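Asker: Supplied structure: input_7.cif, mmCIF, C-alpha atoms.
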data_target
#
loop_
_atom_site.label_atom_id
_atom_site.label_comp_id
_atom_site.auth_asym_id
_atom_site.auth_seq_id
_atom_site.Cartn_x
_atom_site.Cartn_y
_atom_site.Cartn_z
CA MET J 300 15.15 3.31 4.40
CA ARG J 301 18.00 1.29 5.80
CA LYS J 302 20.16 -0.82 3.55
CA PRO J 303 19.12 -4.50 3.58
CA ILE J 304 21.72 -6.97 4.72
CA ALA J 305 22.02 -10.70 4.30
CA THR J 306 21.00 -11.70 7.80
CA ASP J 307 17.74 -12.74 9.40
CA ARG J 308 18.31 -10.09 12.08
CA HIS J 309 17.46 -7.31 9.64
CA GLN J 310 13.87 -6.22 10.12
CA THR J 311 13.32 -4.46 6.80
CA THR J 312 14.47 -7.07 4.27
CA CYS J 313 16.45 -10.23 4.39
CA PHE J 314 18.11 -11.44 1.20
CA ALA J 315 20.60 -14.15 0.42
CA THR J 316 23.06 -13.93 -2.41
CA ARG J 317 22.83 -17.68 -2.92
CA PRO J 318 19.73 -19.87 -3.30
CA LYS J 319 18.23 -20.91 0.01
CA ALA J 320 16.57 -24.20 0.81
CA ALA J 321 13.11 -24.16 -0.78
CA ALA J 322 10.04 -23.81 1.36
CA HIS J 323 7.71 -26.77 1.04
CA PRO J 324 5.42 -25.88 -1.94
CA VAL J 325 2.23 -27.21 -0.38
CA ARG J 326 2.74 -25.35 2.91
CA LEU J 327 3.77 -22.18 1.09
CA LYS J 328 0.72 -22.23 -1.19
CA ALA J 329 -1.53 -22.83 1.80
CA ARG J 330 -0.03 -19.80 3.57
CA VAL J 331 -0.56 -17.64 0.49
CA ARG J 332 -4.18 -18.79 0.11
CA GLU J 333 -4.77 -18.05 3.79
CA ALA J 334 -3.29 -14.57 3.42
CA LEU J 335 -5.38 -13.86 0.33
CA GLY J 336 -8.49 -15.08 2.13
CA ALA J 337 -7.78 -12.67 4.96
CA LEU J 338 -7.30 -9.86 2.46
CA LEU J 339 -10.67 -10.67 0.86
CA LEU J 340 -12.35 -10.57 4.29
CA VAL J 341 -10.77 -7.19 5.07
CA SER J 342 -11.77 -5.88 1.64
CA THR J 343 -15.37 -6.94 2.22
CA CYS J 344 -15.41 -5.07 5.53
CA LEU J 345 -13.79 -2.00 4.02
CA THR J 346 -16.38 -1.77 1.23
CA GLY J 347 -19.40 -2.40 3.44
CA GLY J 348 -19.99 -5.89 2.07
CA HIS J 349 -19.82 -4.91 -1.62
CA ALA J 350 -16.47 -6.57 -2.20
CA TRP J 351 -17.16 -7.32 -5.86
CA ALA J 352 -18.55 -3.96 -6.95
CA ALA J 353 -16.85 -2.43 -10.00
CA VAL J 354 -14.23 0.22 -9.33
CA GLN J 355 -13.67 2.97 -11.89
CA GLY J 356 -10.03 4.00 -11.69
CA THR J 357 -7.57 3.21 -8.92
CA ALA J 358 -9.00 3.96 -5.49
CA VAL J 359 -7.40 4.46 -2.09
CA GLU J 360 -9.13 1.79 -0.01
CA ALA J 361 -7.31 2.09 3.32
CA VAL J 362 -4.53 4.23 4.80
CA GLN J 363 -2.27 3.81 7.80
CA LEU J 364 -1.48 7.43 8.65
CA PRO J 365 0.34 9.57 7.77
CA ALA J 366 0.34 9.39 3.96
CA TRP J 367 -0.23 11.63 0.94
CA VAL J 368 -1.41 11.72 -2.66
CA GLU J 369 0.68 14.05 -4.80
CA ARG J 370 -0.79 15.61 -7.96
CA HIS J 371 1.02 18.19 -10.12
CA GLY J 372 3.55 18.68 -7.33
CA GLN J 373 0.88 19.43 -4.72
CA GLN J 374 0.46 17.03 -1.78
CA ARG J 375 -2.76 16.36 0.09
CA PRO J 376 -3.37 13.77 2.79
CA ALA J 377 -4.49 10.35 1.56
CA GLN J 378 -7.87 9.06 2.70
CA PRO J 379 -10.28 6.27 1.73
CA GLY J 380 -12.27 6.93 -1.43
CA GLN J 381 -9.68 9.09 -3.19
CA MET J 382 -9.26 8.23 -6.87
CA LEU J 383 -5.77 8.25 -8.37
CA ARG J 384 -5.14 9.49 -11.90
CA PRO J 385 -2.22 8.74 -14.21
CA GLY J 386 0.69 10.87 -13.05
CA ASP J 387 -0.38 10.83 -9.39
CA LEU J 388 2.04 9.74 -6.68
CA ALA J 389 1.07 7.73 -3.60
CA VAL J 390 3.47 8.59 -0.76
CA THR J 391 3.84 6.94 2.64
CA ALA J 392 5.87 8.08 5.63
CA SER J 393 7.84 6.06 8.16
CA GLY J 394 5.48 3.60 9.85
CA SER J 395 2.63 4.14 7.39
CA ARG J 396 0.95 2.00 4.71
CA MET J 397 -1.54 2.36 1.87
CA LEU J 398 -3.96 -0.09 0.19
CA LEU J 399 -5.05 0.67 -3.40
CA ARG J 400 -7.74 -1.05 -5.48
CA MET J 401 -7.24 -1.17 -9.25
CA PRO J 402 -10.08 -1.10 -11.83
CA ASP J 403 -9.96 -4.91 -12.23
CA ARG J 404 -10.23 -5.32 -8.41
CA SER J 405 -6.56 -6.29 -8.04
CA THR J 406 -4.83 -4.79 -5.01
CA ILE J 407 -1.65 -2.80 -4.55
CA ARG J 408 -0.22 -2.50 -1.04
CA LEU J 409 2.50 0.03 -0.28
CA GLY J 410 4.84 -0.20 2.70
CA GLU J 411 6.45 2.62 4.64
CA ASP J 412 8.73 5.26 3.11
CA THR J 413 7.36 4.54 -0.36
CA ARG J 414 6.86 6.70 -3.45
CA PHE J 415 4.71 5.04 -6.12
CA GLU J 416 3.42 6.45 -9.40
CA ILE J 417 0.63 5.39 -11.75
CA GLU J 418 2.11 6.23 -15.15
CA ARG J 419 -0.73 4.82 -17.29
CA MET J 420 -3.98 3.01 -16.54
CA ASP J 421 -6.49 1.92 -19.21
CA MET J 422 -9.30 -0.62 -18.96
CA HIS J 423 -11.35 -1.46 -22.06
CA ALA J 424 -14.30 -3.77 -22.70
CA ARG J 425 -13.22 -6.75 -24.83
CA ASP J 426 -16.51 -8.39 -25.79
CA ALA J 427 -20.27 -8.53 -25.20
CA ALA J 428 -19.78 -11.10 -22.42
CA GLY J 429 -18.44 -8.34 -20.17
CA ARG J 430 -14.78 -9.31 -20.25
CA SER J 431 -12.30 -6.44 -20.09
CA ASP J 432 -8.57 -5.88 -20.53
CA LEU J 433 -6.44 -3.77 -18.21
CA ASN J 434 -3.25 -2.14 -19.48
CA ALA J 435 -1.16 -0.29 -16.93
CA SER J 436 2.34 1.05 -16.38
CA LEU J 437 3.40 1.56 -12.77
CA ASN J 438 6.55 3.05 -11.28
CA LEU J 439 7.97 2.11 -7.89
CA ILE J 440 10.28 5.06 -7.31
CA THR J 441 11.37 3.86 -3.88
CA GLY J 442 9.99 1.66 -1.12
CA VAL J 443 7.91 -1.52 -0.79
CA PHE J 444 5.19 -2.76 -3.16
CA ARG J 445 2.91 -5.80 -3.23
CA TYR J 446 0.47 -6.71 -6.00
CA ALA J 447 -2.24 -9.39 -5.85
CA THR J 448 -4.63 -10.34 -8.65
CA ASP J 449 -8.28 -10.56 -7.67
CA TYR J 450 -9.66 -14.08 -8.12
CA SER J 451 -13.09 -12.89 -9.25
CA SER J 452 -11.42 -10.95 -12.07
CA LYS J 453 -9.61 -14.08 -13.24
CA ALA J 454 -12.77 -16.20 -12.98
CA LEU J 455 -14.69 -13.69 -15.13
CA GLY J 456 -12.01 -13.85 -17.80
CA HIS J 457 -10.65 -10.31 -17.52
CA GLY J 458 -7.19 -9.85 -18.99
CA ARG J 459 -4.31 -7.67 -17.85
CA GLN J 460 -0.97 -6.45 -19.04
CA VAL J 461 0.66 -4.60 -16.16
CA ASN J 462 4.30 -3.55 -15.92
CA LEU J 463 6.07 -2.28 -12.80
CA ARG J 464 9.16 -0.15 -13.39
CA MET J 465 11.93 -0.01 -10.78
CA ALA J 466 15.39 1.56 -10.80
CA THR J 467 17.18 -1.20 -12.73
CA ALA J 468 14.41 -3.52 -13.95
CA THR J 469 10.82 -3.80 -15.15
CA VAL J 470 8.51 -6.51 -13.80
CA GLY J 471 5.95 -7.92 -16.24
CA ILE J 472 2.78 -8.91 -14.38
CA ARG J 473 0.28 -11.25 -16.02
CA GLY J 474 -1.77 -12.32 -12.98
CA THR J 475 -0.03 -13.23 -9.76
CA ASP J 476 0.83 -12.28 -6.17
CA PHE J 477 4.28 -10.83 -5.68
CA TRP J 478 6.35 -8.42 -3.58
CA SER J 479 8.96 -5.92 -4.72
CA MET J 480 11.27 -3.35 -3.19
CA THR J 481 13.62 -0.70 -4.54
CA ASP J 482 15.91 1.96 -3.09
CA ALA J 483 19.31 3.46 -3.79
CA ASP J 484 21.04 0.21 -2.84
CA HIS J 485 19.07 -2.53 -4.58
CA ASP J 486 16.09 -3.82 -6.56
CA ALA J 487 14.33 -7.02 -5.47
CA VAL J 488 11.34 -9.17 -6.45
CA CYS J 489 9.77 -12.17 -4.69
CA VAL J 490 6.86 -14.26 -6.03
CA PHE J 491 4.28 -15.68 -3.63
CA GLU J 492 2.03 -17.23 -6.27
CA GLY J 493 1.86 -17.16 -10.08
CA LYS J 494 4.59 -15.81 -12.35
CA VAL J 495 6.41 -12.57 -13.14
CA ASP J 496 9.10 -11.76 -15.69
CA VAL J 497 11.99 -9.52 -14.67
CA LEU J 498 13.36 -7.59 -17.63
CA ARG J 499 16.66 -5.67 -17.66
CA GLU J 500 18.15 -3.83 -20.59
CA GLY J 501 20.63 -5.94 -22.54
CA LYS J 502 20.14 -9.05 -20.37
CA ASP J 503 18.09 -12.23 -20.53
CA THR J 504 14.61 -12.19 -19.00
CA ILE J 505 14.37 -13.81 -15.57
CA SER J 506 11.10 -15.72 -15.02
CA LEU J 507 10.04 -16.25 -11.42
CA SER J 508 7.31 -18.88 -11.22
CA LYS J 509 8.05 -21.04 -8.19
CA PRO J 510 6.43 -19.91 -4.90
CA GLY J 511 9.07 -18.13 -2.86
CA ALA J 512 11.42 -17.48 -5.80
CA PHE J 513 13.19 -14.14 -5.53
CA TRP J 514 15.68 -12.02 -7.43
CA VAL J 515 17.85 -9.23 -6.07
CA VAL J 516 20.56 -7.02 -7.50
CA PHE J 517 22.69 -4.66 -5.42
CA THR J 518 24.01 -1.39 -6.82
CA GLY J 519 27.54 -1.72 -8.10
CA GLN J 520 27.70 -5.50 -7.52
CA PRO J 521 27.54 -8.43 -9.95
CA GLU J 522 24.08 -9.90 -10.43
CA ASN J 523 23.42 -13.25 -8.76
CA PRO J 524 21.04 -15.97 -9.99
CA ALA J 525 17.49 -16.00 -8.65
CA GLY J 526 17.22 -17.76 -5.29
CA GLN J 527 14.59 -19.14 -2.95
CA ALA J 528 13.30 -17.34 0.14
CA THR J 529 12.84 -19.14 3.44
CA PRO J 530 9.43 -19.06 5.20
CA GLU J 531 10.89 -16.60 7.70
CA GLN J 532 11.99 -14.28 4.90
CA LEU J 533 8.59 -14.56 3.21
CA ALA J 534 6.84 -13.57 6.44
CA LYS J 535 9.05 -10.47 6.66
CA PHE J 536 8.31 -9.51 3.06
CA ILE J 537 4.54 -9.87 3.66
CA ASP J 538 4.66 -7.84 6.88
CA GLN J 539 6.35 -4.92 5.14
CA ALA J 540 3.24 -4.05 3.10
CA ASP J 541 0.41 -5.28 5.34
CA MET J 542 -1.71 -2.88 7.37
CA GLN J 543 -0.92 -2.88 11.10
CA PRO J 544 -4.23 -2.90 13.03
CA GLY J 545 -4.43 -0.36 15.83
CA ARG J 546 -1.70 1.86 14.40
CA GLY J 547 -3.67 4.66 12.78
CA VAL J 548 -5.67 2.86 10.06
CA LEU J 549 -8.38 4.75 8.16
CA VAL J 550 -11.14 2.83 6.34
CA ALA J 551 -14.32 3.94 4.58
CA GLY J 552 -17.04 4.08 7.21
CA GLY J 553 -14.61 3.93 10.13
CA ARG J 554 -16.56 4.92 13.25
CA TRP J 555 -13.82 6.53 15.34
CA ARG J 556 -12.32 9.99 15.12
CA VAL J 557 -9.61 12.10 16.67
CA VAL J 558 -10.61 15.57 17.81
CA ALA J 559 -7.25 17.29 17.55
CA GLY J 560 -8.53 20.39 19.32
CA VAL J 561 -11.39 22.80 19.92
CA SER J 562 -11.21 26.56 19.53
CA GLY J 563 -13.53 29.53 19.47
CA ASN J 564 -11.25 31.15 16.90
CA VAL J 565 -11.82 29.99 13.31
CA ASN J 566 -8.35 31.11 12.22
CA GLU J 567 -6.69 29.09 14.99
CA ALA J 568 -8.72 25.99 14.07
CA SER J 569 -8.02 26.45 10.35
CA GLY J 570 -4.32 26.83 11.05
CA LEU J 571 -4.26 23.53 12.94
CA ARG J 572 -6.22 21.82 10.15
CA ASP J 573 -3.69 23.01 7.57
CA ARG J 574 -0.71 21.87 9.66
CA LEU J 575 -2.26 18.44 10.08
CA ARG J 576 -2.96 18.12 6.37
CA ALA J 577 0.61 19.08 5.53
CA ALA J 578 1.76 16.35 7.95
CA GLY J 579 -0.35 13.72 6.14
CA TYR J 580 -3.52 13.69 8.27
CA PRO J 581 -6.88 14.42 6.50
CA ALA J 582 -8.21 16.92 9.03
CA GLU J 583 -11.32 19.08 8.71
CA VAL J 584 -12.97 21.83 10.74
CA VAL J 585 -16.54 21.31 11.99
CA ILE J 586 -18.62 23.81 13.97
CA ARG J 587 -20.13 22.17 17.07
CA GLN J 588 -22.01 24.07 19.77
CA GLY J 589 -20.61 27.34 18.52
CA ARG J 590 -16.97 26.23 18.61
CA HIS J 591 -14.61 24.92 15.93
CA GLU J 592 -13.53 21.26 16.20
CA VAL J 593 -10.58 19.97 14.19
CA ARG J 594 -11.31 16.34 13.36
CA ILE J 595 -9.65 13.34 11.71
CA ASN J 596 -12.47 10.95 10.77
CA GLU J 597 -12.94 7.33 9.63
CA LEU J 598 -10.44 5.65 11.93
CA ALA J 599 -11.12 1.93 12.06
CA THR J 600 -11.00 1.32 15.83
CA ARG J 601 -10.52 3.13 19.11
CA GLU J 602 -6.95 1.80 19.19
CA ASP J 603 -6.27 3.36 15.78
CA ALA J 604 -7.63 6.71 16.98
CA GLU J 605 -5.60 6.60 20.20
CA HIS J 606 -2.46 5.78 18.25
CA VAL J 607 -2.96 8.85 16.06
CA LEU J 608 -3.69 11.08 19.05
CA ASN J 609 -0.56 9.86 20.84
CA ARG J 610 1.53 10.44 17.74
CA LEU J 611 0.17 13.95 17.31
CA SER J 612 0.72 14.71 20.99
CA ALA J 613 4.42 14.05 20.45
CA GLY J 614 4.60 16.60 17.63
CA GLU J 615 5.02 20.34 17.97
CA ARG J 616 2.02 22.61 17.25
CA LEU J 617 -0.17 19.70 16.13
CA LEU J 618 -2.76 19.84 18.93
CA LEU J 619 -5.02 22.41 20.56
CA THR J 620 -6.75 22.09 23.92
CA GLN J 621 -9.52 19.52 24.56
CA SER J 622 -8.04 16.91 22.20
CA ARG J 623 -9.61 13.46 22.52
CA VAL J 624 -10.84 10.37 20.69
CA ALA J 625 -14.56 9.83 20.12
CA LEU J 626 -17.11 7.73 18.29
CA SER J 627 -18.47 9.37 15.16
CA ALA J 628 -21.89 9.66 16.77
CA GLU J 629 -20.50 11.71 19.67
#
Could the structure of this file be written out as C-alpha cells, please?
Answerer:
Amino acid sequence: MRKPIATDRHQTTCFATRPKAAAHPVRLKARVREALGALLLVSTCLTGGHAWAAVQGTAVEAVQLPAWVERHGQQRPAQPGQMLRPGDLAVTASGSRMLLRMPDRSTIRLGEDTRFEIERMDMHARDAAGRSDLNASLNLITGVFRYATDYSSKALGHGRQVNLRMATATVGIRGTDFWSMTDADHDAVCVFEGKVDVLREGKDTISLSKPGAFWVVFTGQPENPAGQATPEQLAKFIDQADMQPGRGVLVAGGRWRVVAGVSGNVNEASGLRDRLRAAGYPAEVVIRQGRHEVRINELATREDAEHVLNRLSAGERLLLTQSRVALSAE
C-alpha cells in the first residue's frame, strides 16, 4: 500500500496535518444516511430479502475477488456464507474488497490489501425481552476498515462493546459509522456518524464525535490534534472500502459463473481448481456431459464474471481451453 500524502491528488488516502474547514453538518449527515440506506438495500438483495434475519457468528456476505480467509495458517478463498471464528484472518488482495456481517447485524467492510483478525467475539442474551450484548475485540493488522452499526439492532436495544486494535492505537466503538486505516507509515480514524474513542498508551483519550472528524498519526512524527475532513476526502475514504460493481463481486445467490476451463482429464481439472483457490478464487470441479468443468460460481452480474475471466486470462496457468462466462442455469 502506498504511503498517504497530504494532497488531494493521492488516490488512496488524503490527510491534512492541520484541521480543515468543516463540512456542513446537515449535508454531511444527509450523505451518510443516503450511504447507509444504499447499504441496507444491497444487504437486502444479498440475503434474498431477509435483511433482518439473525446471524450466528460473523459471516462473509460479499467478496470482490480475489480474497482469502486464513485459519491456523491455512488460506482458502473467501466466498459468501463463510463463517469466521475468533483467530481467523480476512485477507484481501490489490483491487479486492470484503463485506462481513457481525452477529448484531453491524457491518464490517474491508478495502484492498487488508489483513483483519477477529480476536474475540461473544454475544449474550441480556434479558427476556430479547435484548443482547455484543463484546468483541478486532485487530486491523494492515489496510482499510469501515464499521457501521445496524439501525435495527439499536432500535431493539442491543448493546455492544467493540474495540478495534491498530498498530499504535485502539478504537473504542459504542455504536457508530467510522473508517480506519493502518500500515507501516500511519494510523488514522475518521468518523462519519456517532462517536469513537481513540486510546493510546500513556496519552489522553481522543473522542471523535463530530461528523467528518479524523485523527492521524505518522510513524516517527509528532502527533497532531484531530482535524476535520473535507467532503472530497470523505468520499475517498468511503470509496476505499465500498464494493465496486462489475469488478468481480460474489454474492449469495449470484446467477453468473466463470467456467475457467473444460477438460477430459480429472487431474488437469483438479490442478486448475487448486491453482485458482490458491490465488483467491473459490473454484470447484463439476462433471458435465462426461467432462470436467472448473467453475467459479455466485458472481453478481455478467460484468462481474467477465471481469474475473479477463483477470484470469492475464495470469499464467490459470485457464484451460473453452473458458467462458455463463448463467448458472446454463
Asker: Expand the PyMOL selection byres ((chain J and resi 586-589) around 12) into the individual residues it matches in the shown file, reporting them as a list in words.
Answerer: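 Checking the PyMOL selection byres ((chain J and resi 586-589) around 12) against this file, the residues are Val558, Gly560, Val561, Ser562, Gly563, Asn564, Val565, Ala568, Ser569, Glu583, Val584, Val585, Arg590, His591, Glu592, Val593, Arg594 and Glu629 of chain J.
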Asker: Give me the residues near Ala628 (chain J) as JSON, numbers by chain, where near means some atom within 12 Å (using all atoms listed in the file) and where sequence neighbours in that chain fewer than 2 positions away do not count.
Answerer: {"J": [553, 554, 555, 556, 596, 597, 624, 625, 626]}
Asker: Just to confirm, what's the straight-line distance from CA of Glu605 (chain J) to CA of Ala578 (chain J) in Å (one decimal)?
Answerer: 17.3 Å
Asker: Show me, as an mmCIF file with C-alpha atoms, in the frame of the given file, the residues that have an atom within 12 Å of Asp538 (chain J) when counting only C-alpha atoms, minus same-chain residues fewer than 3 positions from it.
Answerer:
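Wrote part_33.cif, looks like this:
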data_model
loop_
_atom_site.group_PDB
_atom_site.id
_atom_site.type_symbol
_atom_site.label_atom_id
_atom_site.label_comp_id
_atom_site.auth_asym_id
_atom_site.auth_seq_id
_atom_site.Cartn_x
_atom_site.Cartn_y
_atom_site.Cartn_z
ATOM 1 C CA GLN J 310 13.870 -6.220 10.120
ATOM 2 C CA THR J 311 13.320 -4.460 6.800
ATOM 3 C CA THR J 312 14.470 -7.070 4.270
ATOM 4 C CA ALA J 334 -3.290 -14.570 3.420
ATOM 5 C CA GLY J 394 5.480 3.600 9.850
ATOM 6 C CA ARG J 396 0.950 2.000 4.710
ATOM 7 C CA ARG J 408 -0.220 -2.500 -1.040
ATOM 8 C CA LEU J 409 2.500 0.030 -0.280
ATOM 9 C CA GLY J 410 4.840 -0.200 2.700
ATOM 10 C CA GLU J 411 6.450 2.620 4.640
ATOM 11 C CA VAL J 443 7.910 -1.520 -0.790
ATOM 12 C CA PHE J 444 5.190 -2.760 -3.160
ATOM 13 C CA ARG J 445 2.910 -5.800 -3.230
ATOM 14 C CA TRP J 478 6.350 -8.420 -3.580
ATOM 15 C CA GLU J 531 10.890 -16.600 7.700
ATOM 16 C CA GLN J 532 11.990 -14.280 4.900
ATOM 17 C CA LEU J 533 8.590 -14.560 3.210
ATOM 18 C CA ALA J 534 6.840 -13.570 6.440
ATOM 19 C CA LYS J 535 9.050 -10.470 6.660
ATOM 20 C CA ASP J 541 0.410 -5.280 5.340
ATOM 21 C CA MET J 542 -1.710 -2.880 7.370
ATOM 22 C CA GLN J 543 -0.920 -2.880 11.100
ATOM 23 C CA PRO J 544 -4.230 -2.900 13.030
#
Asker: Give me, please, the distance in Å between CA of Thr406 (chain J) and CA of Phe491 (chain J), quoted to one decimal.
Answerer: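 According to the coordinates, CA of Thr406 (chain J) and CA of Phe491 (chain J) are separated by 14.3 Å.
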Asker: With a distance cut-off of 10 Å and only C-alpha atoms, select the neighbouring residues of region 485-490 of chain J, excluding the residue or stretch itself and same-chain residues fewer than 2 positions from it, and output the selection as a PyMOL selection string.
Answerer: chain J and resi 302-303+312+314+441-446+465-468+470+475-483+492-497+507-520+525-528+533+536
Asker: Quick one: of J:Met382, J:Ala447, J:Leu598, J:Ala559, who's nearest to Gly614 (chain J), counting only C-alpha atoms?
Answerer: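 Of J:Met382, J:Ala447, J:Leu598, J:Ala559, the one nearest Gly614 (chain J), counting only C-alpha atoms, is J:Ala559.
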Asker: How far is it from CA of Ala540 (chain J) to CA of Gly579 (chain J), in Å with one decimal?
Answerer: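 One can read the CA of Ala540 (chain J) to CA of Gly579 (chain J) distance as 18.4 Å.
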Asker: The PyMOL selection byres ((chain J and resi 365-380) around 7) - which residues does that actually catch in the file I just gave you? List them as a list in words.
Answerer: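 So the PyMOL selection byres ((chain J and resi 365-380) around 7) ends up selecting Ala358, Val359, Glu360, Ala361, Val362, Gln363, Leu364, Gln381, Met382, Asp387, Leu388, Ala389, Val390, Thr391, Ala392, Ser395, Leu549, Val550, Ala551, Arg576, Ala577, Ala578, Gly579, Tyr580 and Pro581 of chain J.
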Asker: Name the closest residue to Leu439 (chain J) among the candidates J:Arg623, J:Arg546, J:Arg610, J:Arg464; distances are taken between atoms, counting all atoms listed in the file.
Answerer: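 Using all atoms listed in the file, Leu439 (chain J) sits closest to J:Arg464.
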Asker: Find the residues near region 460-462 of chain J: any atom within 6 Å, counting only C-alpha atoms, skip ones fewer than 5 places away on the same chain, and give them as a list in words.
Answerer: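 The contact residues come out as Asn434, Ala435, Ser436, Val470, Gly471, Ile472 and Arg473 of chain J.
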